[in-house]
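Novice: Data: my_file-v1.cif, mmCIF, C-alpha atoms (C1' of nucleotides).
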```cif
data_structure
loop_
_atom_site.group_PDB
_atom_site.id
_atom_site.type_symbol
_atom_site.label_atom_id
_atom_site.label_comp_id
_atom_site.auth_asym_id
_atom_site.auth_seq_id
_atom_site.Cartn_x
_atom_site.Cartn_y
_atom_site.Cartn_z
ATOM 1 C CA MET A 1 -16.251 57.724 138.561
ATOM 2 C CA LYS A 2 -12.749 56.277 138.264
ATOM 3 C CA THR A 3 -10.511 56.581 141.281
ATOM 4 C CA TYR A 4 -6.840 55.901 141.928
ATOM 5 C CA THR A 5 -4.660 54.607 144.742
ATOM 6 C CA ILE A 6 -1.667 56.526 146.028
ATOM 7 C CA SER A 7 0.793 54.316 144.159
ATOM 8 C CA GLU A 8 -1.057 54.754 140.881
ATOM 9 C CA VAL A 9 -0.970 58.515 141.317
ATOM 10 C CA ALA A 10 2.696 58.386 142.260
ATOM 11 C CA LYS A 11 3.467 56.487 139.079
ATOM 12 C CA GLU A 12 1.392 58.846 136.939
ATOM 13 C CA LEU A 13 3.048 61.982 138.333
ATOM 14 C CA ASN A 14 6.537 60.514 138.613
ATOM 15 C CA LEU A 15 6.625 60.987 142.346
ATOM 16 C CA THR A 16 7.039 58.504 145.174
ATOM 17 C CA VAL A 17 4.253 57.532 147.556
ATOM 18 C CA TYR A 18 6.437 59.026 150.292
ATOM 19 C CA THR A 19 6.392 62.371 148.558
ATOM 20 C CA LEU A 20 2.631 62.307 148.101
ATOM 21 C CA ARG A 21 2.085 61.475 151.770
ATOM 22 C CA TYR A 22 4.500 64.225 152.676
ATOM 23 C CA TYR A 23 2.528 66.719 150.577
ATOM 24 C CA ASP A 24 -0.637 65.564 152.290
ATOM 25 C CA LYS A 25 1.004 65.996 155.695
ATOM 26 C CA GLU A 26 1.971 69.538 154.687
ATOM 27 C CA GLY A 27 -1.632 70.323 153.807
ATOM 28 C CA LEU A 28 -1.349 70.337 150.039
ATOM 29 C CA MET A 29 -4.087 67.780 149.479
ATOM 30 C CA PRO A 30 -7.055 68.548 151.758
ATOM 31 C CA PHE A 31 -9.403 67.531 148.933
ATOM 32 C CA VAL A 32 -8.322 63.870 148.727
ATOM 33 C CA GLU A 33 -10.984 61.591 150.176
ATOM 34 C CA ARG A 34 -10.571 58.310 152.027
ATOM 35 C CA THR A 35 -12.055 54.832 151.841
ATOM 36 C CA PRO A 36 -13.851 53.561 154.976
ATOM 37 C CA ASN A 37 -10.620 51.945 156.136
ATOM 38 C CA GLY A 38 -8.578 55.117 155.678
ATOM 39 C CA ASN A 39 -6.890 54.646 152.313
ATOM 40 C CA ARG A 40 -6.548 57.717 150.142
ATOM 41 C CA LEU A 41 -8.857 57.752 147.133
ATOM 42 C CA PHE A 42 -7.741 60.047 144.302
ATOM 43 C CA LYS A 43 -10.183 61.414 141.721
ATOM 44 C CA GLU A 44 -9.201 62.744 138.288
ATOM 45 C CA SER A 45 -9.669 66.277 139.594
ATOM 46 C CA ASP A 46 -7.239 65.531 142.447
ATOM 47 C CA ILE A 47 -4.626 64.506 139.912
ATOM 48 C CA SER A 48 -5.236 67.730 137.991
ATOM 49 C CA ALA A 49 -4.786 69.676 141.198
ATOM 50 C CA LEU A 50 -1.532 67.837 141.882
ATOM 51 C CA LYS A 51 -0.346 68.751 138.418
ATOM 52 C CA VAL A 52 -0.936 72.399 139.237
ATOM 53 C CA ILE A 53 1.007 71.885 142.468
ATOM 54 C CA GLU A 54 3.848 70.346 140.453
ATOM 55 C CA CYS A 55 3.727 73.331 138.133
ATOM 56 C CA LEU A 56 4.015 75.737 141.060
ATOM 57 C CA LYS A 57 6.908 73.688 142.408
ATOM 58 C CA ALA A 58 8.563 73.965 138.997
ATOM 59 C CA THR A 59 8.434 77.739 139.333
ATOM 60 C CA GLY A 60 10.506 77.372 142.485
ATOM 61 C CA MET A 61 7.653 78.019 144.898
ATOM 62 C CA PRO A 62 8.251 76.547 148.353
ATOM 63 C CA ILE A 63 5.715 74.105 149.736
ATOM 64 C CA LYS A 64 4.542 76.446 152.494
ATOM 65 C CA GLU A 65 3.533 79.027 149.911
ATOM 66 C CA ILE A 66 1.803 76.405 147.817
ATOM 67 C CA LYS A 67 -0.139 75.512 150.936
ATOM 68 C CA THR A 68 -1.279 79.118 151.287
ATOM 69 C CA PHE A 69 -2.581 78.914 147.738
ATOM 70 C CA ILE A 70 -4.382 75.634 148.435
ATOM 71 C CA ASP A 71 -5.958 77.222 151.514
ATOM 72 C CA TRP A 72 -7.165 80.108 149.348
ATOM 73 C CA CYS A 73 -8.714 77.600 146.970
ATOM 74 C CA SER A 74 -10.609 76.040 149.854
ATOM 75 C CA GLU A 75 -11.872 79.439 150.951
ATOM 76 C CA GLY A 76 -13.658 80.032 147.648
ATOM 77 C CA ASP A 77 -14.410 83.095 145.571
ATOM 78 C CA SER A 78 -13.368 85.608 148.215
ATOM 79 C CA THR A 79 -9.721 84.788 147.493
ATOM 80 C CA LEU A 80 -9.874 85.027 143.696
ATOM 81 C CA GLU A 81 -7.851 88.246 143.627
ATOM 82 C CA GLN A 82 -5.096 86.850 145.843
ATOM 83 C CA ARG A 83 -4.849 83.789 143.643
ATOM 84 C CA TYR A 84 -4.755 85.883 140.502
ATOM 85 C CA ASN A 85 -2.016 88.070 141.936
ATOM 86 C CA MET A 86 -0.092 85.024 143.020
ATOM 87 C CA PHE A 87 -0.054 83.692 139.472
ATOM 88 C CA LEU A 88 1.011 87.084 138.140
ATOM 89 C CA GLU A 89 3.926 87.000 140.571
ATOM 90 C CA ARG A 90 4.782 83.463 139.517
ATOM 91 C CA LYS A 91 4.729 84.594 135.907
ATOM 92 C CA ALA A 92 7.182 87.409 136.613
ATOM 93 C CA ASN A 93 9.319 84.987 138.577
ATOM 94 C CA VAL A 94 9.455 82.453 135.751
ATOM 95 C CA GLU A 95 10.305 85.211 133.292
ATOM 96 C CA ALA A 96 13.228 86.191 135.504
ATOM 97 C CA GLN A 97 14.349 82.576 135.702
ATOM 98 C CA MET A 98 14.227 82.300 131.935
ATOM 99 C CA ALA A 99 16.354 85.404 131.540
ATOM 100 C CA GLU A 100 18.835 84.078 134.098
ATOM 101 C CA LEU A 101 18.990 80.728 132.363
ATOM 102 C CA LYS A 102 19.596 82.433 129.037
ATOM 103 C CA LYS A 103 22.585 84.283 130.480
ATOM 104 C CA THR A 104 23.868 81.067 131.980
ATOM 105 C CA MET A 105 23.508 79.379 128.614
ATOM 106 C CA GLU A 106 25.644 82.044 126.960
ATOM 107 C CA VAL A 107 28.500 81.446 129.369
ATOM 108 C CA ILE A 108 28.186 77.682 128.979
ATOM 109 C CA GLN A 109 28.253 77.941 125.199
ATOM 110 C CA HIS A 110 31.264 80.160 125.397
ATOM 111 C CA LYS A 111 32.987 77.574 127.576
ATOM 112 C CA CYS A 112 32.061 74.847 125.114
ATOM 113 C CA SER A 113 33.888 76.592 122.297
ATOM 114 C CA TYR A 114 36.738 77.564 124.601
ATOM 115 C CA TYR A 115 37.326 73.914 125.497
ATOM 116 C CA LYS A 116 36.732 72.704 121.961
ATOM 117 C CA THR A 117 39.539 74.944 120.738
ATOM 118 C CA ALA A 118 41.802 73.990 123.626
ATOM 119 C CA MET A 119 41.117 70.298 123.120
ATOM 120 C CA ASP A 120 41.865 70.481 119.403
ATOM 121 C CA ALA A 121 45.090 72.356 120.133
ATOM 122 C CA GLY A 122 45.958 69.874 122.862
ATOM 123 C CA THR A 123 46.556 72.629 125.371
ATOM 124 C CA GLU A 124 44.727 75.399 127.137
ATOM 125 C CA ASP A 125 47.691 77.677 126.460
ATOM 126 C CA ILE A 126 46.066 78.511 123.135
ATOM 127 C CA HIS A 127 43.878 80.910 125.139
ATOM 128 C CA LYS A 128 46.771 82.438 127.062
ATOM 129 C CA ASN A 129 46.328 85.887 125.593
ATOM 130 C CA GLU A 130 42.662 86.238 126.417
ATOM 131 C CA LYS A 131 41.877 87.554 129.839
ATOM 132 C CA LEU A 132 39.720 84.612 130.750
ATOM 133 C CA ALA A 133 39.142 82.664 133.887
ATOM 134 C CA LYS A 134 41.615 79.845 134.402
ATOM 135 C CA VAL A 135 38.798 77.405 135.091
ATOM 136 C CA MET B 136 48.269 93.563 140.894
ATOM 137 C CA LYS B 137 45.033 94.464 142.673
ATOM 138 C CA THR B 138 43.785 92.006 145.266
ATOM 139 C CA TYR B 139 40.563 91.708 147.255
ATOM 140 C CA THR B 140 39.501 90.613 150.719
ATOM 141 C CA ILE B 141 36.818 88.004 151.257
ATOM 142 C CA SER B 142 34.193 90.593 152.139
ATOM 143 C CA GLU B 143 34.923 92.596 149.000
ATOM 144 C CA VAL B 144 34.510 89.468 146.891
ATOM 145 C CA ALA B 145 31.328 88.527 148.735
ATOM 146 C CA LYS B 146 29.874 91.943 147.975
ATOM 147 C CA GLU B 147 30.910 91.775 144.321
ATOM 148 C CA LEU B 148 29.394 88.319 143.778
ATOM 149 C CA ASN B 149 26.350 88.829 145.971
ATOM 150 C CA LEU B 150 27.349 86.039 148.312
ATOM 151 C CA THR B 151 28.099 86.030 152.027
ATOM 152 C CA VAL B 152 31.571 85.525 153.483
ATOM 153 C CA TYR B 153 30.156 82.360 155.083
ATOM 154 C CA THR B 154 29.278 81.003 151.682
ATOM 155 C CA LEU B 155 32.703 81.786 150.266
ATOM 156 C CA ARG B 156 34.443 80.078 153.200
ATOM 157 C CA TYR B 157 32.110 77.141 152.769
ATOM 158 C CA TYR B 158 33.049 76.889 149.097
ATOM 159 C CA ASP B 159 36.688 76.991 150.075
ATOM 160 C CA LYS B 160 36.142 74.256 152.651
ATOM 161 C CA GLU B 161 34.496 72.155 149.941
ATOM 162 C CA GLY B 162 37.557 72.546 147.733
ATOM 163 C CA LEU B 163 36.122 74.952 145.192
ATOM 164 C CA MET B 164 38.846 77.555 145.642
ATOM 165 C CA PRO B 165 42.252 75.829 145.837
ATOM 166 C CA PHE B 166 43.753 78.696 143.806
ATOM 167 C CA VAL B 167 43.091 81.446 146.360
ATOM 168 C CA GLU B 168 46.306 82.510 148.057
ATOM 169 C CA ARG B 169 46.835 83.701 151.605
ATOM 170 C CA THR B 170 48.609 86.563 153.319
ATOM 171 C CA PRO B 171 51.383 85.582 155.763
ATOM 172 C CA ASN B 172 48.874 85.637 158.619
ATOM 173 C CA GLY B 173 46.383 83.407 156.836
ATOM 174 C CA ASN B 174 43.877 85.822 155.311
ATOM 175 C CA ARG B 175 42.550 84.938 151.890
ATOM 176 C CA LEU B 176 43.828 87.129 149.080
ATOM 177 C CA PHE B 177 41.667 87.125 145.952
ATOM 178 C CA LYS B 178 43.028 88.072 142.525
ATOM 179 C CA GLU B 179 40.920 89.182 139.561
ATOM 180 C CA SER B 180 41.326 85.735 138.042
ATOM 181 C CA ASP B 181 39.978 84.172 141.244
ATOM 182 C CA ILE B 182 36.863 86.287 140.938
ATOM 183 C CA SER B 183 36.479 85.174 137.310
ATOM 184 C CA ALA B 184 36.788 81.587 138.414
ATOM 185 C CA LEU B 185 34.140 82.142 141.069
ATOM 186 C CA LYS B 186 31.863 83.574 138.410
ATOM 187 C CA VAL B 187 32.252 80.362 136.429
ATOM 188 C CA ILE B 188 31.444 78.432 139.608
ATOM 189 C CA GLU B 189 28.321 80.555 140.060
ATOM 190 C CA CYS B 190 27.389 79.833 136.466
ATOM 191 C CA LEU B 191 27.720 76.097 137.029
ATOM 192 C CA LYS B 192 25.625 76.428 140.171
ATOM 193 C CA ALA B 193 22.999 78.246 138.107
ATOM 194 C CA THR B 194 22.797 75.201 135.850
ATOM 195 C CA GLY B 195 21.828 73.191 138.939
ATOM 196 C CA MET B 196 25.181 71.468 139.332
ATOM 197 C CA PRO B 197 25.829 70.259 142.886
ATOM 198 C CA ILE B 198 28.929 71.510 144.669
ATOM 199 C CA LYS B 199 30.596 68.095 144.725
ATOM 200 C CA GLU B 200 30.485 67.940 140.934
ATOM 201 C CA ILE B 201 31.788 71.460 140.650
ATOM 202 C CA LYS B 202 34.672 70.338 142.839
ATOM 203 C CA THR B 203 35.429 67.529 140.397
ATOM 204 C CA PHE B 204 35.622 70.120 137.652
ATOM 205 C CA ILE B 205 37.912 72.349 139.728
ATOM 206 C CA ASP B 206 40.146 69.341 140.379
ATOM 207 C CA TRP B 207 40.306 68.709 136.626
ATOM 208 C CA CYS B 208 41.341 72.322 136.117
ATOM 209 C CA SER B 209 44.184 71.847 138.590
ATOM 210 C CA GLU B 210 45.339 68.723 136.759
ATOM 211 C CA GLY B 211 45.940 70.622 133.526
ATOM 212 C CA ASP B 212 45.681 69.732 129.858
ATOM 213 C CA SER B 213 45.209 66.000 130.409
ATOM 214 C CA THR B 214 41.630 66.673 131.519
ATOM 215 C CA LEU B 215 40.604 68.961 128.668
ATOM 216 C CA GLU B 216 38.299 66.370 127.155
ATOM 217 C CA GLN B 217 36.513 65.676 130.420
ATOM 218 C CA ARG B 218 35.975 69.368 130.947
ATOM 219 C CA TYR B 219 34.698 69.799 127.411
ATOM 220 C CA ASN B 220 32.285 66.920 127.829
ATOM 221 C CA MET B 221 31.135 68.298 131.139
ATOM 222 C CA PHE B 222 30.205 71.591 129.529
ATOM 223 C CA LEU B 223 28.386 69.768 126.722
ATOM 224 C CA GLU B 224 26.365 67.930 129.352
ATOM 225 C CA ARG B 225 25.663 71.176 131.159
ATOM 226 C CA LYS B 226 24.482 72.664 127.888
ATOM 227 C CA ALA B 227 22.061 69.805 127.297
ATOM 228 C CA ASN B 228 20.892 70.116 130.868
ATOM 229 C CA VAL B 229 20.204 73.838 130.583
ATOM 230 C CA GLU B 230 18.348 73.263 127.325
ATOM 231 C CA ALA B 231 16.133 70.749 129.118
ATOM 232 C CA GLN B 232 15.546 73.205 131.939
ATOM 233 C CA MET B 233 14.565 75.874 129.440
ATOM 234 C CA ALA B 234 12.080 73.555 127.774
ATOM 235 C CA GLU B 235 10.633 72.621 131.156
ATOM 236 C CA LEU B 236 10.357 76.259 132.173
ATOM 237 C CA LYS B 237 8.590 77.058 128.926
ATOM 238 C CA LYS B 238 5.978 74.379 129.626
ATOM 239 C CA THR B 239 5.573 75.686 133.145
ATOM 240 C CA MET B 240 5.098 79.177 131.772
ATOM 241 C CA GLU B 241 2.280 78.014 129.524
ATOM 242 C CA VAL B 242 0.376 76.564 132.464
ATOM 243 C CA ILE B 243 0.979 79.698 134.533
ATOM 244 C CA GLN B 244 -0.251 81.933 131.737
ATOM 245 C CA HIS B 245 -3.312 79.789 131.351
ATOM 246 C CA LYS B 246 -3.983 80.127 135.060
ATOM 247 C CA CYS B 247 -3.531 83.889 134.826
ATOM 248 C CA SER B 248 -6.315 84.185 132.262
ATOM 249 C CA TYR B 249 -8.424 81.632 134.137
ATOM 250 C CA TYR B 250 -8.283 83.730 137.293
ATOM 251 C CA LYS B 251 -8.666 87.008 135.433
ATOM 252 C CA THR B 252 -11.944 85.784 133.952
ATOM 253 C CA ALA B 253 -13.111 84.371 137.262
ATOM 254 C CA MET B 254 -12.190 87.562 139.104
ATOM 255 C CA ASP B 255 -14.030 89.743 136.615
ATOM 256 C CA ALA B 256 -17.065 87.480 136.881
ATOM 257 C CA GLY B 257 -16.789 87.498 140.666
ATOM 258 C CA THR B 258 -16.903 83.719 140.810
ATOM 259 C CA GLU B 259 -14.966 80.702 139.708
ATOM 260 C CA ASP B 260 -18.254 79.106 138.642
ATOM 261 C CA ILE B 261 -17.787 80.801 135.285
ATOM 262 C CA HIS B 262 -15.398 77.949 134.484
ATOM 263 C CA LYS B 263 -17.741 75.218 135.723
ATOM 264 C CA ASN B 264 -18.143 73.618 132.307
ATOM 265 C CA GLU B 265 -14.468 73.260 131.565
ATOM 266 C CA LYS B 266 -12.842 70.148 132.862
ATOM 267 C CA LEU B 267 -10.187 72.016 134.763
ATOM 268 C CA ALA B 268 -8.482 71.477 138.060
ATOM 269 C CA LYS B 269 -10.381 72.955 140.963
ATOM 270 C CA VAL B 270 -7.247 74.709 142.184
ATOM 271 C "C1'" DT C 271 -5.364 29.841 156.454
ATOM 272 C "C1'" DT C 272 -1.567 31.802 155.117
ATOM 273 C "C1'" DA C 273 1.127 34.673 152.464
ATOM 274 C "C1'" DA C 274 1.605 38.609 149.623
ATOM 275 C "C1'" DT C 275 0.613 43.069 148.625
ATOM 276 C "C1'" DC C 276 -1.564 46.892 149.245
ATOM 277 C "C1'" DC C 277 -2.500 50.605 152.390
ATOM 278 C "C1'" DT C 278 -2.084 53.378 157.069
ATOM 279 C "C1'" DT C 279 0.467 56.536 160.809
ATOM 280 C "C1'" DC C 280 4.197 58.342 163.430
ATOM 281 C "C1'" DG C 281 8.408 59.758 163.894
ATOM 282 C "C1'" DA C 282 13.227 59.426 162.836
ATOM 283 C "C1'" DG C 283 16.961 59.916 159.408
ATOM 284 C "C1'" DT C 284 19.123 62.038 155.317
ATOM 285 C "C1'" DT C 285 21.103 65.442 152.241
ATOM 286 C "C1'" DA C 286 22.567 69.773 150.371
ATOM 287 C "C1'" DA C 287 23.787 74.126 151.034
ATOM 288 C "C1'" DC C 288 24.351 77.091 153.736
ATOM 289 C "C1'" DT C 289 24.588 79.905 158.301
ATOM 290 C "C1'" DC C 290 26.267 80.945 162.428
ATOM 291 C "C1'" DT C 291 28.964 80.811 167.038
ATOM 292 C "C1'" DA C 292 32.947 80.648 169.818
ATOM 293 C "C1'" DG C 293 37.356 81.547 170.464
ATOM 294 C "C1'" DG C 294 41.394 83.384 168.583
ATOM 295 C "C1'" DT C 295 44.881 86.472 165.539
ATOM 296 C "C1'" DC C 296 46.295 90.739 163.755
ATOM 297 C "C1'" DA C 297 46.660 95.705 162.042
ATOM 298 C "C1'" DA C 298 45.045 100.433 162.430
ATOM 299 C "C1'" DG C 299 43.521 104.358 164.964
ATOM 300 C "C1'" DC C 300 43.066 107.004 169.340
ATOM 301 C "C1'" DG D 301 48.755 100.434 175.152
ATOM 302 C "C1'" DC D 302 44.132 99.459 174.152
ATOM 303 C "C1'" DT D 303 40.056 99.050 171.570
ATOM 304 C "C1'" DT D 304 37.755 98.111 167.269
ATOM 305 C "C1'" DG D 305 36.874 95.586 163.516
ATOM 306 C "C1'" DA D 306 38.186 92.536 159.884
ATOM 307 C "C1'" DC D 307 40.018 88.265 159.343
ATOM 308 C "C1'" DC D 308 40.737 83.118 160.705
ATOM 309 C "C1'" DT D 309 39.172 77.909 162.039
ATOM 310 C "C1'" DA D 310 36.398 74.151 163.749
ATOM 311 C "C1'" DG D 311 32.412 72.606 164.413
ATOM 312 C "C1'" DA D 312 27.463 73.030 165.553
ATOM 313 C "C1'" DG D 313 22.838 74.418 163.961
ATOM 314 C "C1'" DT D 314 19.305 75.305 160.393
ATOM 315 C "C1'" DT D 315 16.098 74.548 156.635
ATOM 316 C "C1'" DA D 316 13.651 72.381 152.945
ATOM 317 C "C1'" DA D 317 12.215 68.575 150.937
ATOM 318 C "C1'" DC D 318 12.160 64.525 151.047
ATOM 319 C "C1'" DT D 319 12.954 59.385 152.449
ATOM 320 C "C1'" DC D 320 12.459 55.663 155.092
ATOM 321 C "C1'" DG D 321 11.474 52.123 158.969
ATOM 322 C "C1'" DA D 322 8.441 50.009 162.168
ATOM 323 C "C1'" DA D 323 4.237 48.302 163.374
ATOM 324 C "C1'" DG D 324 -0.024 47.260 162.019
ATOM 325 C "C1'" DG D 325 -4.787 46.852 159.185
ATOM 326 C "C1'" DA D 326 -7.457 45.241 154.970
ATOM 327 C "C1'" DT D 327 -7.935 42.615 150.651
ATOM 328 C "C1'" DT D 328 -6.832 39.104 147.429
ATOM 329 C "C1'" DA D 329 -4.913 34.424 145.545
ATOM 330 C "C1'" DA D 330 -3.443 29.758 146.275
#
```
Give the structure from this file in structure tokens form.
Specialist:
Amino acid sequence: MKTYTISEVAKELNLTVYTLRYYDKEGLMPFVERTPNGNRLFKESDISALKVIECLKATGMPIKEIKTFIDWCSEGDSTLEQRYNMFLERKANVEAQMAELKKTMEVIQHKCSYYKTAMDAGTEDIHKNEKLAKV
Amino acid sequence: MKTYTISEVAKELNLTVYTLRYYDKEGLMPFVERTPNGNRLFKESDISALKVIECLKATGMPIKEIKTFIDWCSEGDSTLEQRYNMFLERKANVEAQMAELKKTMEVIQHKCSYYKTAMDAGTEDIHKNEKLAKV
DNA sequence: TTAATCCTTCGAGTTAACTCTAGGTCAAGC
DNA sequence: GCTTGACCTAGAGTTAACTCGAAGGATTAA
């Protein structure tokens, strides 16, 4: 079975070795085995697990909460419901983020056309009559 | 013209007075005037400006960069192009974030059904044959 | 054998964005 | 006139998530 060193994994996941060691220190990688002299030995399944961790991070989940999830995974089938509920919560959270980002996008697009018009006119005064922010 | 105190503005924008003072300290609010004894006096237009600042924050822009933008605003029409370009960049950035979030959502949804199936079966072993992450 | 290049741990340092404390001013109400 | 409460500043403290340095061990290549 193919294995990987920490720097190979770092490269693959676009992280630094420092970050991976930090995750390990925080208890996010209890499954990673070691060589006789102590070097971390990553399996394919470890990389998959790290990808899930990266996904949870992308939802804005703090590392301590990700650790709770990893602990549940280690505990086995008795925590299936907690894990399921956690992903449902993450789903709701990401949906909220998407909605927020959509609103943000609308303002940004509005600003783009505001500045396009102002730039073409050479002055922001073109918008004087609108009750808009001065920034 | 109606004006507002710092705590009224904080309430309106869902921020703390500490945060608003911090923004001021960082140069994000050079337009806010003061009463003779030094209290900040916010106008409607200041609140609009703060909403734009919150929008930029929501795009993930760091406060130092927002300050650059605020400085450009103070400089007037000569910086219209920079400001326009900045908003174009922000737009691209938000689009990237949306794409990223969509990918994240797909993984999360997959995990939701994974755990639903496992929970209903009472064991994660139901997924044994798939080459999936063990977390 | 020696140098380079991995890897290790431990613990300190960094950065951003707050968050709060201490000590002080000022206006309103009793 | 005094207390209460909102405001002020300067600067210290907090937190998360890295990020790095020092000191040292193992493997490989000339």
Novice: Taking the file as I've supplied it (selection: the PyMOL selection byres ((chain B) within 6 of (chain A))), which residues are included? Please answer as a PyMOL selection string.
Specialist: chain B and resi 180+183-184+190+208+212+215+219+222+239+247+250+254+258+268+270
Novice: Can you work out which one of C:DC276, C:DC300, C:DA287, C:DA282 has the shortest atom-to-atom distance to DA316 in chain D, counting all atoms listed in the file?
Specialist: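 When distances to DA316 in chain D are compared using all atoms listed in the file, the smallest one comes from C:DA287.
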Novice: List the residues selected by the PyMOL selection byres ((chain C) within 8 of (chain B)) in the file shown, writing them as a ChimeraX atom specification.
Specialist: /C:288-289,296
Novice: Determine, counting all atoms listed in the file, which protein, DNA and RNA residues have an atom within 12 Å of an atom of DA329 in chain D; residues of the same chain fewer than 2 positions away are not included. Present the result as a list in words.
Specialist: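 Those residues are DT271, DT272, DA273, DA274 and DT275 of chain C; DT327 of chain D.
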Novice: Decode the PyMOL selection byres ((chain B) within 10 of (chain D)) for the given file into explicit residues and return them as a PyMOL selection string.
Specialist: chain B and resi 140-142+172-175
Novice: Figure out the distance between CA of Phe42 in chain A and CA of Glu8 in chain A, please, to one decimal in Å.
Specialist: 9.2 Å
Novice: Could you work out how far CA of Met61 in chain A lies from CA of His262 in chain B, giving the answer in Å with one decimal?
Specialist: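 Calculated distance between CA of His262 in chain B and CA of Met61 in chain A is 25.3 Å.
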Novice: One decimal, in Å: what's the spacing between CA of Val144 in chain B and CA of Thr170 in chain B?
Specialist: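 Value for the CA of Val144 in chain B-CA of Thr170 in chain B distance: 15.8 Å.
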